[in-house]
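One structure below.
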Amino acid sequence: MNNECSVVRDLLPLYYENMVNKETAEFVEEHLGNCPDCASELEKLKAEKKIDETSFAERTNDAEVITGVKKKIRKRKWTAVAAIVACVLVVCILIYQFPVYRLLMVCGTLSYYNSDEISMLISIGSLSDRIEAQSVLRQADAAFQDCKHTDAECDELYGLLSRYATASDLYENATSVNYSLELWSAHLGDTEGYIWVYYSEEAIDSSGDTVSASSHCAALWKVEKNEDGVWEVVSIREHP
């Protein structure tokens with residue numbers, strides 16, 4: 001291999017990539033036309049480049065396939081997460097709207113109530129009914145807090161709800177009351193309806209000692225609208 005062949009073979013990669021000027025390209029082409037060995041080297045170079053290009057294309061295609069698979073996996077993962085979240089939300093909504101677990105909270109007294117009353121216990125009722133029932137709960141709040149009036153005065157002030165007041169003539173030492181009152185459900189019609197509540201109360205004296213107490217009690221109140229359109233409790237069903 002002479003010096004010209006050495007120069008041409010060094011230039012072949014650049015020539016193949018069209019990275020030489022016109023004069024150099026003409027020089028290489030003239031030499032290749034007269035030198036079978038260098039022409040053969042050019043063909044080898046072309047074959048190697050084609051293999052490299054094919055390999056690159058295959059790698060690119062493989063990378064695209066892998067990327068596509070990863071995207072599908074991520075999509076399926078997020079779809080599964082979204083489905084799980086949706087199921088959890090549905091379950092939470094159902095538990096909130098239909099708190100069947102409350103049957104366990106009053107299981108010892110269930111035989112006291114009929115099926116219609118129990119069905120109202122495990123459905124909280126509509127939002128509008130629950131909002132409207134707040135006026136009755138405010139009346140009950142006043143009764144629960146009261147330990148200043150006599151039994152007769154409480155009857156006059158609170159009607160049937162006076163049973164939740166701590167009458168001053170019956171519990172003379174009572175100075176304050178701690179209580180909790182929770183609305184469980186409200187099912188109201190145009191003029192009458194039913195409200196389930198759950199309460200605890202403790203009347204204490206000035207020394208902090210308990211005077212009277214009721215704990216974890218469920219009660220069903222029947223309510224009716226009076227002549228002024230105000231809801232009032234007309235009947236209380238509560239296990240003795």
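Chains: A, B, ... in order of the structure tokens. Residues: from 1 per chain. Ligands: from 1, in order shown.
Within stretch 68-197 of chain A, DSSP run on the backbone puts these residues in strand (DSSP E or B): Ala174, Thr175, Ser176, Val177, Asn178, Tyr179, Ser180, Leu181, Glu182, Leu183, Trp184, Ser185, Ala186, His187, Leu188, Glu192, Gly193, Tyr194, Ile195, Trp196 and Val197 of chain A.
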Print the selection's residues with N, CA and C atoms to a file, as a PDB file, in the first residue's frame.
ATOM      1  N   ALA A 174     -76.454  20.720  91.954  1.00  0.00           N
ATOM      2  CA  ALA A 174     -75.911  20.850  90.597  1.00  0.00           C
ATOM      3  C   ALA A 174     -75.623  22.311  90.260  1.00  0.00           C
ATOM      4  N   THR A 175     -74.425  22.553  89.773  1.00  0.00           N
ATOM      5  CA  THR A 175     -74.036  23.918  89.402  1.00  0.00           C
ATOM      6  C   THR A 175     -73.731  24.060  87.904  1.00  0.00           C
ATOM      7  N   SER A 176     -73.447  22.959  87.236  1.00  0.00           N
ATOM      8  CA  SER A 176     -73.170  23.023  85.789  1.00  0.00           C
ATOM      9  C   SER A 176     -73.408  21.648  85.176  1.00  0.00           C
ATOM     10  N   VAL A 177     -73.490  21.635  83.859  1.00  0.00           N
ATOM     11  CA  VAL A 177     -73.751  20.387  83.135  1.00  0.00           C
ATOM     12  C   VAL A 177     -72.780  20.260  81.955  1.00  0.00           C
ATOM     13  N   ASN A 178     -72.161  19.104  81.848  1.00  0.00           N
ATOM     14  CA  ASN A 178     -71.372  18.764  80.662  1.00  0.00           C
ATOM     15  C   ASN A 178     -72.188  17.781  79.828  1.00  0.00           C
ATOM     16  N   TYR A 179     -72.293  18.038  78.538  1.00  0.00           N
ATOM     17  CA  TYR A 179     -73.105  17.133  77.724  1.00  0.00           C
ATOM     18  C   TYR A 179     -72.620  17.137  76.281  1.00  0.00           C
ATOM     19  N   SER A 180     -72.995  16.105  75.556  1.00  0.00           N
ATOM     20  CA  SER A 180     -72.791  16.043  74.104  1.00  0.00           C
ATOM     21  C   SER A 180     -74.108  15.600  73.490  1.00  0.00           C
ATOM     22  N   LEU A 181     -74.459  16.209  72.362  1.00  0.00           N
ATOM     23  CA  LEU A 181     -75.713  15.894  71.687  1.00  0.00           C
ATOM     24  C   LEU A 181     -75.432  15.812  70.193  1.00  0.00           C
ATOM     25  N   GLU A 182     -75.680  14.646  69.628  1.00  0.00           N
ATOM     26  CA  GLU A 182     -75.379  14.410  68.214  1.00  0.00           C
ATOM     27  C   GLU A 182     -76.650  14.070  67.447  1.00  0.00           C
ATOM     28  N   LEU A 183     -76.836  14.741  66.335  1.00  0.00           N
ATOM     29  CA  LEU A 183     -77.952  14.403  65.449  1.00  0.00           C
ATOM     30  C   LEU A 183     -77.566  13.187  64.621  1.00  0.00           C
ATOM     31  N   TRP A 184     -78.338  12.112  64.778  1.00  0.00           N
ATOM     32  CA  TRP A 184     -78.061  10.908  63.998  1.00  0.00           C
ATOM     33  C   TRP A 184     -78.810  10.917  62.672  1.00  0.00           C
ATOM     34  N   SER A 185     -80.093  11.250  62.715  1.00  0.00           N
ATOM     35  CA  SER A 185     -80.857  11.269  61.469  1.00  0.00           C
ATOM     36  C   SER A 185     -82.070  12.182  61.622  1.00  0.00           C
ATOM     37  N   ALA A 186     -82.556  12.665  60.474  1.00  0.00           N
ATOM     38  CA  ALA A 186     -83.752  13.511  60.468  1.00  0.00           C
ATOM     39  C   ALA A 186     -84.599  13.132  59.253  1.00  0.00           C
ATOM     40  N   HIS A 187     -85.851  12.826  59.504  1.00  0.00           N
ATOM     41  CA  HIS A 187     -86.789  12.452  58.443  1.00  0.00           C
ATOM     42  C   HIS A 187     -88.069  13.259  58.678  1.00  0.00           C
ATOM     43  N   LEU A 188     -88.168  14.380  57.978  1.00  0.00           N
ATOM     44  CA  LEU A 188     -89.246  15.326  58.231  1.00  0.00           C
ATOM     45  C   LEU A 188     -90.190  15.424  57.036  1.00  0.00           C
ATOM     46  N   GLU A 192     -94.896  16.888  60.199  1.00  0.00           N
ATOM     47  CA  GLU A 192     -94.414  15.990  61.248  1.00  0.00           C
ATOM     48  C   GLU A 192     -93.246  15.157  60.736  1.00  0.00           C
ATOM     49  N   GLY A 193     -92.520  14.592  61.673  1.00  0.00           N
ATOM     50  CA  GLY A 193     -91.380  13.775  61.289  1.00  0.00           C
ATOM     51  C   GLY A 193     -90.699  13.177  62.505  1.00  0.00           C
ATOM     52  N   TYR A 194     -89.504  12.604  62.266  1.00  0.00           N
ATOM     53  CA  TYR A 194     -88.778  11.919  63.325  1.00  0.00           C
ATOM     54  C   TYR A 194     -87.304  12.318  63.298  1.00  0.00           C
ATOM     55  N   ILE A 195     -86.733  12.383  64.488  1.00  0.00           N
ATOM     56  CA  ILE A 195     -85.325  12.738  64.642  1.00  0.00           C
ATOM     57  C   ILE A 195     -84.678  11.747  65.615  1.00  0.00           C
ATOM     58  N   TRP A 196     -83.592  11.128  65.172  1.00  0.00           N
ATOM     59  CA  TRP A 196     -82.794  10.294  66.066  1.00  0.00           C
ATOM     60  C   TRP A 196     -81.627  11.124  66.601  1.00  0.00           C
ATOM     61  N   VAL A 197     -81.394  11.026  67.918  1.00  0.00           N
ATOM     62  CA  VAL A 197     -80.254  11.720  68.520  1.00  0.00           C
ATOM     63  C   VAL A 197     -79.488  10.756  69.417  1.00  0.00           C
TER      64      VAL A 197
END
### Task
Assign secondary structure with DSSP using the backbone only, and return the residues of stretch 35-228 of chain A in alpha helix (DSSP H) as number ranges by chain.
A: 36-97, 102-105, 115-121, 127-145, 151-158
### Message
Need the shell around stretch 158-173 of chain A: protein/DNA/RNA residues with any atom at most 10 Å away, counting only C-alpha atoms. Skip same-chain ones fewer than 2 positions apart. Format as JSON, numbers by chain?
### Response
{"A": [136, 139, 140, 141, 142, 143, 144, 145, 146, 147, 148, 149, 150, 151, 152, 153, 154, 155, 156, 175, 176, 177, 199, 201, 202, 203, 204, 205, 206, 207, 209, 210, 211, 212, 213, 214, 221, 232, 233, 234, 235, 236]}
### Message
Which residues are close to stretch 27-42 of chain A, i.e. within 7 Å by only C-alpha atoms, leaving aside same-chain residues fewer than 5 positions away? Reply as a list in words.
### Response
Cys5, Val8, Arg9 and Leu12 of chain A
Any chance you could export the current selection's C-alpha atoms as a PDB file, in the first residue's frame?
ATOM      1  CA  CYS A   5      -3.491   4.749  -0.550  1.00  0.00           C
ATOM      2  CA  VAL A   8      -7.077   8.033   0.789  1.00  0.00           C
ATOM      3  CA  ARG A   9      -7.950   5.425   3.406  1.00  0.00           C
ATOM      4  CA  LEU A  12     -12.518   7.550   3.410  1.00  0.00           C
TER       5      LEU A  12
END
### Task
List the neighbours of stretch 111-124 of chain A out to 6 Å using only C-alpha atoms; skip same-chain residues closer than 6 positions along the sequence, and give me the result as a ChimeraX atom specification.
/A:97-100,185
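In this structure, atom CA of A:Leu127 sits 15.3 Å away from atom CA of A:Ile95.
Of note, atom CA of A:Leu220 and atom CA of A:Tyr96 are spaced 19.2 Å apart.
Put simply, atom CA of A:Gly229 is 12.6 Å away from atom CA of A:Gly189.
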